[in-house]
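Structure below is coords_14.pdb: PDB, C-alpha atoms.
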ATOM      1  CA  MET A   1       1.107-122.475  19.156
ATOM      2  CA  SER A   2       2.333-121.479  22.622
ATOM      3  CA  ARG A   3       0.973-123.566  25.494
ATOM      4  CA  VAL A   4       0.652-122.972  29.233
ATOM      5  CA  VAL A   5       2.366-125.934  30.901
ATOM      6  CA  VAL A   6       2.261-126.593  34.657
ATOM      7  CA  ILE A   7       5.169-128.731  35.889
ATOM      8  CA  THR A   8       5.406-130.130  39.406
ATOM      9  CA  GLY A   9       8.788-130.893  40.895
ATOM     10  CA  ALA A  10      10.230-128.277  38.562
ATOM     11  CA  GLY A  11      13.164-127.243  40.717
ATOM     12  CA  ALA A  12      15.494-130.079  39.726
ATOM     13  CA  GLY A  13      16.006-133.114  37.529
ATOM     14  CA  LEU A  14      13.505-133.929  34.819
ATOM     15  CA  GLY A  15      11.122-131.170  35.879
ATOM     16  CA  ARG A  16      13.798-128.526  35.442
ATOM     17  CA  ALA A  17      14.877-129.989  32.094
ATOM     18  CA  LEU A  18      11.270-129.993  30.874
ATOM     19  CA  ALA A  19      10.797-126.383  31.948
ATOM     20  CA  ARG A  20      13.925-125.245  30.125
ATOM     21  CA  GLY A  21      13.123-127.246  27.013
ATOM     22  CA  LEU A  22       9.460-126.293  26.680
ATOM     23  CA  ALA A  23      10.061-122.642  27.478
ATOM     24  CA  GLY A  24      12.783-122.680  24.835
ATOM     25  CA  ASP A  25      10.156-123.921  22.377
ATOM     26  CA  GLY A  26       7.989-120.893  23.150
ATOM     27  CA  ASP A  27       5.671-122.387  25.787
ATOM     28  CA  THR A  28       4.793-120.607  29.024
ATOM     29  CA  VAL A  29       5.796-122.716  32.012
ATOM     30  CA  VAL A  30       4.417-122.648  35.546
ATOM     31  CA  LEU A  31       7.038-124.049  37.911
ATOM     32  CA  LEU A  32       5.792-125.733  41.067
ATOM     33  CA  GLY A  33       8.282-126.846  43.699
ATOM     34  CA  ARG A  34       8.454-127.519  47.414
ATOM     35  CA  THR A  35      11.478-125.214  47.723
ATOM     36  CA  ARG A  36      10.562-121.812  46.358
ATOM     37  CA  ALA A  37      14.178-120.693  45.935
ATOM     38  CA  LYS A  38      14.858-123.452  43.392
ATOM     39  CA  VAL A  39      11.893-122.683  41.149
ATOM     40  CA  ALA A  40      12.418-118.941  41.568
ATOM     41  CA  ASP A  41      16.025-119.253  40.374
ATOM     42  CA  LEU A  42      14.848-121.294  37.393
ATOM     43  CA  ALA A  43      12.139-118.746  36.572
ATOM     44  CA  ASP A  44      14.758-115.979  36.648
ATOM     45  CA  GLU A  45      16.899-118.020  34.254
ATOM     46  CA  ILE A  46      14.021-118.687  31.838
ATOM     47  CA  GLY A  47      12.599-115.177  31.916
ATOM     48  CA  PRO A  48       9.072-113.828  31.329
ATOM     49  CA  ARG A  49       7.743-117.150  30.057
ATOM     50  CA  ALA A  50       8.064-118.665  33.554
ATOM     51  CA  LEU A  51       6.023-118.325  36.745
ATOM     52  CA  ALA A  52       7.443-119.834  39.953
ATOM     53  CA  LEU A  53       5.164-120.955  42.777
ATOM     54  CA  GLN A  54       5.980-122.763  46.003
ATOM     55  CA  CYS A  55       3.848-125.890  46.262
ATOM     56  CA  ASP A  56       4.013-129.008  48.400
ATOM     57  CA  VAL A  57       1.904-131.310  46.247
ATOM     58  CA  SER A  58       1.148-133.602  49.207
ATOM     59  CA  SER A  59      -0.697-130.732  50.953
ATOM     60  CA  THR A  60      -4.273-129.973  49.958
ATOM     61  CA  GLU A  61      -3.936-126.376  51.163
ATOM     62  CA  SER A  62      -0.695-125.820  49.261
ATOM     63  CA  VAL A  63      -2.118-127.244  46.024
ATOM     64  CA  ARG A  64      -5.277-125.148  46.306
ATOM     65  CA  ALA A  65      -3.254-121.982  46.887
ATOM     66  CA  ALA A  66      -0.916-122.710  43.988
ATOM     67  CA  PHE A  67      -3.705-123.399  41.508
ATOM     68  CA  ALA A  68      -5.617-120.341  42.638
ATOM     69  CA  ALA A  69      -2.520-118.321  41.759
ATOM     70  CA  ILE A  70      -2.216-120.166  38.442
ATOM     71  CA  GLU A  71      -5.836-119.430  37.551
ATOM     72  CA  LYS A  72      -5.306-115.741  38.330
ATOM     73  CA  ALA A  73      -2.294-115.599  35.987
ATOM     74  CA  HIS A  74      -3.534-118.083  33.368
ATOM     75  CA  PRO A  75      -7.302-118.751  33.283
ATOM     76  CA  ARG A  76      -6.624-121.505  30.758
ATOM     77  CA  VAL A  77      -3.977-124.231  31.202
ATOM     78  CA  ASP A  78      -3.048-126.585  28.369
ATOM     79  CA  VAL A  79      -0.830-129.156  30.064
ATOM     80  CA  LEU A  80      -0.180-130.542  33.554
ATOM     81  CA  ILE A  81       2.959-132.640  34.030
ATOM     82  CA  ASN A  82       2.860-134.503  37.346
ATOM     83  CA  ASN A  83       6.589-134.982  37.793
ATOM     84  CA  ALA A  84       7.172-134.380  41.521
ATOM     85  CA  ALA A  85       8.448-137.521  43.219
ATOM     86  CA  VAL A  86      10.308-138.835  46.244
ATOM     87  CA  TYR A  87      12.820-141.593  45.482
ATOM     88  CA  GLN A  88      14.351-142.938  48.691
ATOM     89  CA  PRO A  89      15.441-146.534  49.332
ATOM     90  CA  PHE A  90      14.411-148.083  52.638
ATOM     91  CA  LEU A  91      12.936-151.253  54.082
ATOM     92  CA  VAL A  92       9.292-151.053  55.114
ATOM     93  CA  ALA A  93      10.141-152.462  58.545
ATOM     94  CA  ASP A  94      12.644-149.651  59.101
ATOM     95  CA  ALA A  95      10.649-146.837  57.508
ATOM     96  CA  THR A  96       9.873-143.707  59.470
ATOM     97  CA  ASP A  97       6.394-142.212  59.455
ATOM     98  CA  ALA A  98       7.765-139.318  57.423
ATOM     99  CA  GLN A  99       9.277-141.609  54.765
ATOM    100  CA  ILE A 100       6.012-143.490  54.291
ATOM    101  CA  LEU A 101       3.778-140.434  54.216
ATOM    102  CA  GLN A 102       6.124-138.368  52.061
ATOM    103  CA  THR A 103       6.596-141.109  49.462
ATOM    104  CA  ILE A 104       2.898-141.872  49.020
ATOM    105  CA  GLY A 105       1.868-138.253  49.564
ATOM    106  CA  THR A 106       4.185-136.856  46.910
ATOM    107  CA  ASN A 107       4.227-139.629  44.319
ATOM    108  CA  LEU A 108       0.541-140.595  44.324
ATOM    109  CA  THR A 109      -1.635-138.271  46.403
ATOM    110  CA  GLY A 110       0.159-135.220  45.019
ATOM    111  CA  ALA A 111      -0.567-136.199  41.432
ATOM    112  CA  ILE A 112      -4.218-136.754  42.292
ATOM    113  CA  LEU A 113      -4.552-133.396  44.062
ATOM    114  CA  CYS A 114      -2.881-131.522  41.203
ATOM    115  CA  ALA A 115      -4.973-133.294  38.565
ATOM    116  CA  ARG A 116      -8.169-132.430  40.451
ATOM    117  CA  ALA A 117      -7.126-128.794  40.668
ATOM    118  CA  ALA A 118      -6.041-128.617  37.023
ATOM    119  CA  ILE A 119      -9.076-130.233  35.378
ATOM    120  CA  PRO A 120     -11.307-127.113  35.540
ATOM    121  CA  LEU A 121      -8.522-125.091  33.874
ATOM    122  CA  LEU A 122      -7.738-127.585  31.105
ATOM    123  CA  GLY A 123     -10.848-127.999  29.005
ATOM    124  CA  PRO A 124     -10.995-129.723  25.593
ATOM    125  CA  GLY A 125      -7.544-130.278  24.155
ATOM    126  CA  GLY A 126      -5.897-130.327  27.577
ATOM    127  CA  HIS A 127      -3.329-132.955  28.475
ATOM    128  CA  ILE A 128      -2.244-134.502  31.791
ATOM    129  CA  LEU A 129       1.044-136.409  31.773
ATOM    130  CA  ASN A 130       1.981-138.471  34.824
ATOM    131  CA  VAL A 131       5.607-139.508  35.256
ATOM    132  CA  GLY A 132       6.006-143.098  36.420
ATOM    133  CA  SER A 133       8.860-145.550  36.663
ATOM    134  CA  GLU A 134      10.123-148.760  35.125
ATOM    135  CA  ALA A 135      10.588-149.971  38.714
ATOM    136  CA  VAL A 136       6.925-151.002  38.912
ATOM    137  CA  GLU A 137       7.641-154.146  36.912
ATOM    138  CA  MET A 138      10.981-155.003  38.529
ATOM    139  CA  THR A 139      12.144-156.862  41.608
ATOM    140  CA  PHE A 140      13.791-153.927  43.301
ATOM    141  CA  PRO A 141      14.654-154.225  47.014
ATOM    142  CA  HIS A 142      14.317-151.207  49.326
ATOM    143  CA  LEU A 143      11.881-149.518  46.887
ATOM    144  CA  VAL A 144       8.580-151.161  47.848
ATOM    145  CA  LEU A 145       6.849-147.889  48.758
ATOM    146  CA  TYR A 146       8.205-146.094  45.699
ATOM    147  CA  GLN A 147       7.036-148.946  43.461
ATOM    148  CA  ALA A 148       3.620-149.041  45.127
ATOM    149  CA  SER A 149       3.141-145.305  44.683
ATOM    150  CA  LYS A 150       4.076-145.431  41.003
ATOM    151  CA  ALA A 151       1.918-148.507  40.374
ATOM    152  CA  GLY A 152      -0.976-146.660  41.980
ATOM    153  CA  LEU A 153      -0.262-143.690  39.726
ATOM    154  CA  GLU A 154      -0.552-145.948  36.684
ATOM    155  CA  ARG A 155      -3.963-147.207  37.775
ATOM    156  CA  PHE A 156      -5.053-143.670  38.566
ATOM    157  CA  SER A 157      -3.987-142.558  35.076
ATOM    158  CA  LEU A 158      -6.031-145.294  33.446
ATOM    159  CA  GLY A 159      -9.125-144.423  35.438
ATOM    160  CA  LEU A 160      -8.670-140.696  34.929
ATOM    161  CA  HIS A 161      -8.463-141.248  31.178
ATOM    162  CA  GLU A 162     -11.835-142.994  31.345
ATOM    163  CA  GLU A 163     -13.296-140.071  33.302
ATOM    164  CA  LEU A 164     -11.942-137.296  31.091
ATOM    165  CA  GLU A 165     -12.092-138.780  27.600
ATOM    166  CA  THR A 166     -15.541-137.351  26.880
ATOM    167  CA  GLN A 167     -14.282-133.902  27.918
ATOM    168  CA  GLY A 168     -11.525-134.016  25.322
ATOM    169  CA  ILE A 169      -8.722-134.110  27.897
ATOM    170  CA  LYS A 170      -5.888-136.573  27.274
ATOM    171  CA  VAL A 171      -4.157-138.519  30.043
ATOM    172  CA  THR A 172      -0.779-140.135  29.416
ATOM    173  CA  MET A 173       1.321-142.240  31.771
ATOM    174  CA  VAL A 174       5.041-142.063  30.994
ATOM    175  CA  ARG A 175       6.894-144.973  32.587
ATOM    176  CA  ALA A 176      10.439-143.633  32.621
ATOM    177  CA  GLY A 177      13.720-145.462  33.008
ATOM    178  CA  SER A 178      16.866-144.337  34.798
ATOM    179  CA  MET A 179      17.906-140.769  33.901
ATOM    180  CA  PHE A 180      20.842-138.439  34.510
ATOM    181  CA  GLU A 181      22.241-134.988  33.912
ATOM    182  CA  GLU A 182      25.720-133.614  34.363
ATOM    183  CA  GLY A 183      26.514-132.662  37.956
ATOM    184  CA  LYS A 184      23.350-134.158  39.457
ATOM    185  CA  THR A 185      23.854-135.881  42.813
ATOM    186  CA  TRP A 186      21.500-138.166  44.726
ATOM    187  CA  ASP A 187      20.607-136.672  48.095
ATOM    188  CA  VAL A 188      20.408-139.938  50.044
ATOM    189  CA  ASP A 189      22.221-140.976  53.214
ATOM    190  CA  PRO A 190      25.437-142.780  52.143
ATOM    191  CA  GLU A 191      24.757-145.762  54.416
ATOM    192  CA  ALA A 192      21.230-146.171  53.047
ATOM    193  CA  ARG A 193      22.626-145.897  49.535
ATOM    194  CA  MET A 194      25.183-148.613  50.239
ATOM    195  CA  ARG A 195      22.557-150.969  51.705
ATOM    196  CA  PHE A 196      20.375-150.325  48.672
ATOM    197  CA  ALA A 197      23.214-151.067  46.250
ATOM    198  CA  GLN A 198      24.117-154.278  48.061
ATOM    199  CA  ALA A 199      20.502-155.480  48.158
ATOM    200  CA  ALA A 200      20.073-154.679  44.476
ATOM    201  CA  MET A 201      23.222-156.581  43.614
ATOM    202  CA  GLY A 202      21.788-159.521  45.530
ATOM    203  CA  VAL A 203      18.938-159.774  43.013
ATOM    204  CA  GLY A 204      21.192-159.211  40.033
ATOM    205  CA  ILE A 205      20.886-155.432  39.597
ATOM    206  CA  ASP A 206      24.173-153.561  39.344
ATOM    207  CA  LEU A 207      23.139-149.932  39.869
ATOM    208  CA  ARG A 208      26.417-148.613  38.460
ATOM    209  CA  ALA A 209      26.071-150.608  35.240
ATOM    210  CA  ARG A 210      22.418-149.851  34.497
ATOM    211  CA  PRO A 211      21.898-147.809  31.312
ATOM    212  CA  ARG A 212      20.645-144.257  31.833
ATOM    213  CA  SER A 213      19.048-141.739  29.492
ATOM    214  CA  HIS A 214      19.979-138.070  29.545
ATOM    215  CA  TYR A 215      17.175-135.769  30.664
ATOM    216  CA  ASP A 216      17.386-133.921  27.350
ATOM    217  CA  ALA A 217      16.428-137.102  25.489
ATOM    218  CA  ILE A 218      13.399-137.552  27.736
ATOM    219  CA  VAL A 219      12.368-133.950  27.105
ATOM    220  CA  ASP A 220      12.301-134.768  23.399
ATOM    221  CA  VAL A 221       9.864-137.621  24.133
ATOM    222  CA  PHE A 222       7.564-135.262  26.019
ATOM    223  CA  ARG A 223       7.693-132.825  23.101
ATOM    224  CA  GLY A 224       6.538-135.622  20.827
ATOM    225  CA  LEU A 225       3.698-136.582  23.138
ATOM    226  CA  LEU A 226       2.481-132.997  23.443
ATOM    227  CA  ASP A 227       2.666-132.460  19.689
ATOM    228  CA  MET A 228       0.642-135.562  18.787
ATOM    229  CA  PRO A 229      -2.516-134.938  16.747
ATOM    230  CA  ALA A 230      -5.704-134.438  18.725
ATOM    231  CA  SER A 231      -7.041-137.635  17.155
ATOM    232  CA  VAL A 232      -4.298-139.752  18.764
ATOM    233  CA  GLN A 233      -4.216-140.848  22.418
ATOM    234  CA  ALA A 234      -1.061-142.214  24.070
ATOM    235  CA  GLY A 235      -2.030-144.128  27.200
ATOM    236  CA  LEU A 236       0.968-145.897  28.736
ATOM    237  CA  VAL A 237       4.357-145.006  27.270
ATOM    238  CA  THR A 238       7.350-147.019  28.473
ATOM    239  CA  LEU A 239      10.827-145.541  28.115
ATOM    240  CA  ARG A 240      13.938-147.661  28.592
ATOM    241  CA  ALA A 241      17.506-146.444  28.407
ATOM    242  CA  ARG A 242      19.806-148.226  25.959
ATOM    243  CA  THR A 243      23.330-149.441  26.585
ATOM    244  CA  PRO A 244      26.266-148.157  24.500
ATOM    245  CA  GLU A 245      26.356-151.598  22.835
ATOM    246  CA  GLN A 246      22.707-151.249  21.803
ATOM    247  CA  LEU A 247      23.404-147.831  20.375
ATOM    248  CA  GLY A 248      26.095-149.301  18.163
TER     249      GLY A 248
END
Would you give me this structure, written as structure tokens?
Amino acid sequence: MSRVVVITGAGAGLGRALARGLAGDGDTVVLLGRTRAKVADLADEIGPRALALQCDVSSTESVRAAFAAIEKAHPRVDVLINNAAVYQPFLVADATDAQILQTIGTNLTGAILCARAAIPLLGPGGHILNVGSEAVEMTFPHLVLYQASKAGLERFSLGLHEELETQGIKVTMVRAGSMFEEGKTWDVDPEARMRFAQAAMGVGIDLRARPRSHYDAIVDVFRGLLDMPASVQAGLVTLRARTPEQLG
């Protein structure tokens, strides 16, 4: 059965991979992104099963406008995937106002605003999936705000599940590991990236040697979660990439 799936942060990375994969399965995808050109290009690629909307998830006005447009096009939504995230390494003492507000606003507040807006459109059988990070349980220098935002998202997911269970709406937290796709680059200042790598190495984390999962493999996990029987609830799902040695 075709679903209507709203994906935040759909213009790149995992969000884009999810949109391509789910639309290829026959689902209708609503692509939300801060940069309209990115989601519009993706919608053109996917075709009539895609709707592109500009949305800054950290803005209450932008979220309200986007979901008003969604409701006009699709009075019923089946799935919300809160994927939009800011991943920038910095020390709290050196952080700019914009870095602090953007990290918390996108990674935590944005998911809350989108969930609030989506709940009236979901109804029984609906599903909210929040994308988290393995970093919440790691000692990871220069990522304190990112970790805090994702840890807050986990607690929010647990509480939201308790609120929505009687309405028949599922809530799943997907704690994802490191991911990649061909040609993807990390848009971070080279000096900040170097400081991050050196600090990580200081606590025993070699960023270059860490195992990474391809986005396509993660899309397969989301397919499985969305296709689970209505009688089954997946709360916290932890995904870890495997090394070539582990793969055999």
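Taken over the shown file, the PyMOL selection byres ((chain A and resi 215) around 10) identifies Gly13, Leu14, Gly15, Arg16, Ala17, Leu18, Ser178, Met179, Phe180, Glu181, Glu182, Arg212, Ser213, His214, Asp216, Ala217, Ile218, Val219, Asp220 and Val221 of chain A.
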How about saving the chosen residues, C-alpha atoms kept, as a PDB file, in the coordinates of the input?
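And here's selection_0.pdb as it stands now:
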ATOM      1  CA  GLY A  13      16.006-133.114  37.529  1.00  0.00           C
ATOM      2  CA  LEU A  14      13.505-133.929  34.819  1.00  0.00           C
ATOM      3  CA  GLY A  15      11.122-131.170  35.879  1.00  0.00           C
ATOM      4  CA  ARG A  16      13.798-128.526  35.442  1.00  0.00           C
ATOM      5  CA  ALA A  17      14.877-129.989  32.094  1.00  0.00           C
ATOM      6  CA  LEU A  18      11.270-129.993  30.874  1.00  0.00           C
ATOM      7  CA  SER A 178      16.866-144.337  34.798  1.00  0.00           C
ATOM      8  CA  MET A 179      17.906-140.769  33.901  1.00  0.00           C
ATOM      9  CA  PHE A 180      20.842-138.439  34.510  1.00  0.00           C
ATOM     10  CA  GLU A 181      22.241-134.988  33.912  1.00  0.00           C
ATOM     11  CA  GLU A 182      25.720-133.614  34.363  1.00  0.00           C
ATOM     12  CA  ARG A 212      20.645-144.257  31.833  1.00  0.00           C
ATOM     13  CA  SER A 213      19.048-141.739  29.492  1.00  0.00           C
ATOM     14  CA  HIS A 214      19.979-138.070  29.545  1.00  0.00           C
ATOM     15  CA  ASP A 216      17.386-133.921  27.350  1.00  0.00           C
ATOM     16  CA  ALA A 217      16.428-137.102  25.489  1.00  0.00           C
ATOM     17  CA  ILE A 218      13.399-137.552  27.736  1.00  0.00           C
ATOM     18  CA  VAL A 219      12.368-133.950  27.105  1.00  0.00           C
ATOM     19  CA  ASP A 220      12.301-134.768  23.399  1.00  0.00           C
ATOM     20  CA  VAL A 221       9.864-137.621  24.133  1.00  0.00           C
TER      21      VAL A 221
END
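When only C-alpha atoms are used to compute distances to A:Gly202, the closest of the residues A:Gly224, A:Pro141, A:Pro190, A:Gly125 turns out to be A:Pro141.
Nearest-residue note for A:Ala230: choosing from A:Gly33, A:Pro89, A:Gly204, A:Gly168, the minimum distance belongs to A:Gly168, counting all atoms listed in the file.
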>> For a cutoff of 8 Å around the file-coordinate point (-10.2, -127.1, 43.1), which residues qualify once you count all atoms listed in the file? I'd like the result as number ranges by chain.
In response: A: 64, 67, 116-118, 120
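Of note, atom CA of A:Ala73 and atom CA of A:Ile119 are spaced 16.1 Å apart.
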> Given the file above and the PyMOL selection byres ((chain A and resi 149) around 6), which residues are selected, and can you give them as number ranges by chain?
Replying inline: A: 104, 107-108, 146-148, 150-152
Write out as a PDB file with C-alpha atoms, in the coordinates of the input which residues come within 12 Å of A:Arg223 when counting all atoms listed in the file, dropping same-chain ones fewer than 4 positions away.
ATOM      1  CA  ARG A   3       0.973-123.566  25.494  1.00  0.00           C
ATOM      2  CA  VAL A   5       2.366-125.934  30.901  1.00  0.00           C
ATOM      3  CA  ALA A  17      14.877-129.989  32.094  1.00  0.00           C
ATOM      4  CA  LEU A  18      11.270-129.993  30.874  1.00  0.00           C
ATOM      5  CA  ALA A  19      10.797-126.383  31.948  1.00  0.00           C
ATOM      6  CA  GLY A  21      13.123-127.246  27.013  1.00  0.00           C
ATOM      7  CA  LEU A  22       9.460-126.293  26.680  1.00  0.00           C
ATOM      8  CA  ALA A  23      10.061-122.642  27.478  1.00  0.00           C
ATOM      9  CA  GLY A  24      12.783-122.680  24.835  1.00  0.00           C
ATOM     10  CA  ASP A  25      10.156-123.921  22.377  1.00  0.00           C
ATOM     11  CA  GLY A  26       7.989-120.893  23.150  1.00  0.00           C
ATOM     12  CA  ASP A  27       5.671-122.387  25.787  1.00  0.00           C
ATOM     13  CA  VAL A  79      -0.830-129.156  30.064  1.00  0.00           C
ATOM     14  CA  ILE A  81       2.959-132.640  34.030  1.00  0.00           C
ATOM     15  CA  LEU A 129       1.044-136.409  31.773  1.00  0.00           C
ATOM     16  CA  ASP A 216      17.386-133.921  27.350  1.00  0.00           C
ATOM     17  CA  ALA A 217      16.428-137.102  25.489  1.00  0.00           C
ATOM     18  CA  ILE A 218      13.399-137.552  27.736  1.00  0.00           C
ATOM     19  CA  VAL A 219      12.368-133.950  27.105  1.00  0.00           C
ATOM     20  CA  ASP A 227       2.666-132.460  19.689  1.00  0.00           C
ATOM     21  CA  MET A 228       0.642-135.562  18.787  1.00  0.00           C
TER      22      MET A 228
END
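Atom CA of A:Ala234 lies 5.7 Å from atom CA of A:Thr172.
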>> Once the PyMOL selection byres ((chain A and resi 100) around 12) is applied to the coordinates I shared, what remains selected? I want it as JSON, numbers by chain.
In response: {"A": [86, 87, 88, 89, 90, 91, 92, 93, 94, 95, 96, 97, 98, 99, 101, 102, 103, 104, 105, 106, 107, 108, 143, 144, 145, 146, 148, 149]}
Can I get the selection written as an mmCIF file, in the frame of the given file, with C-alpha atoms?
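This is the output file part_2.cif:
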data_model
loop_
_atom_site.group_PDB
_atom_site.id
_atom_site.type_symbol
_atom_site.label_atom_id
_atom_site.label_comp_id
_atom_site.auth_asym_id
_atom_site.auth_seq_id
_atom_site.Cartn_x
_atom_site.Cartn_y
_atom_site.Cartn_z
ATOM 1 C CA VAL A 86 10.308 -138.835 46.244
ATOM 2 C CA TYR A 87 12.820 -141.593 45.482
ATOM 3 C CA GLN A 88 14.351 -142.938 48.691
ATOM 4 C CA PRO A 89 15.441 -146.534 49.332
ATOM 5 C CA PHE A 90 14.411 -148.083 52.638
ATOM 6 C CA LEU A 91 12.936 -151.253 54.082
ATOM 7 C CA VAL A 92 9.292 -151.053 55.114
ATOM 8 C CA ALA A 93 10.141 -152.462 58.545
ATOM 9 C CA ASP A 94 12.644 -149.651 59.101
ATOM 10 C CA ALA A 95 10.649 -146.837 57.508
ATOM 11 C CA THR A 96 9.873 -143.707 59.470
ATOM 12 C CA ASP A 97 6.394 -142.212 59.455
ATOM 13 C CA ALA A 98 7.765 -139.318 57.423
ATOM 14 C CA GLN A 99 9.277 -141.609 54.765
ATOM 15 C CA LEU A 101 3.778 -140.434 54.216
ATOM 16 C CA GLN A 102 6.124 -138.368 52.061
ATOM 17 C CA THR A 103 6.596 -141.109 49.462
ATOM 18 C CA ILE A 104 2.898 -141.872 49.020
ATOM 19 C CA GLY A 105 1.868 -138.253 49.564
ATOM 20 C CA THR A 106 4.185 -136.856 46.910
ATOM 21 C CA ASN A 107 4.227 -139.629 44.319
ATOM 22 C CA LEU A 108 0.541 -140.595 44.324
ATOM 23 C CA LEU A 143 11.881 -149.518 46.887
ATOM 24 C CA VAL A 144 8.580 -151.161 47.848
ATOM 25 C CA LEU A 145 6.849 -147.889 48.758
ATOM 26 C CA TYR A 146 8.205 -146.094 45.699
ATOM 27 C CA ALA A 148 3.620 -149.041 45.127
ATOM 28 C CA SER A 149 3.141 -145.305 44.683
#
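Interatomic distance, atom CA of A:Arg34 against atom CA of A:Glu71: 19.2 Å.
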>> At a cut-off of 12 Å around the point (-3.1, -145.5, 37.3) (file coordinates), what residues fall inside when counting all atoms listed in the file? I'd like the answer as a PyMOL selection string.
In response: chain A and resi 107-109+111-112+129-133+136+148-162+171-175+235-236
> Taking into account only C-alpha atoms, which residue in the set A:Gly177, A:Pro211, A:Gly110, A:Gly9 is nearest to A:Leu32?
Replying inline: A:Gly9
Taking all atoms of stretch 199-215 of chain A that the file lists and extending 3 Å past them on each side, where is the centre of the axis-aligned box and how long are its edges? Answer in Å to one decimal, as JSON.
{"center_x": 21.8, "center_y": -147.8, "center_z": 38.8, "size_x": 15.2, "size_y": 30.0, "size_z": 24.7}
> So, counting only C-alpha atoms, which residue among A:Arg195, A:Ala65, A:Ser2, A:Ala10 is closest to A:Ala43?
Replying inline: A:Ala10
>> I need the residue nearest A:Glu163 from this list: A:Ala115, A:Met1, A:Ala50, A:Leu226. Use all atoms listed in the file for the distance.
In response: A:Ala115
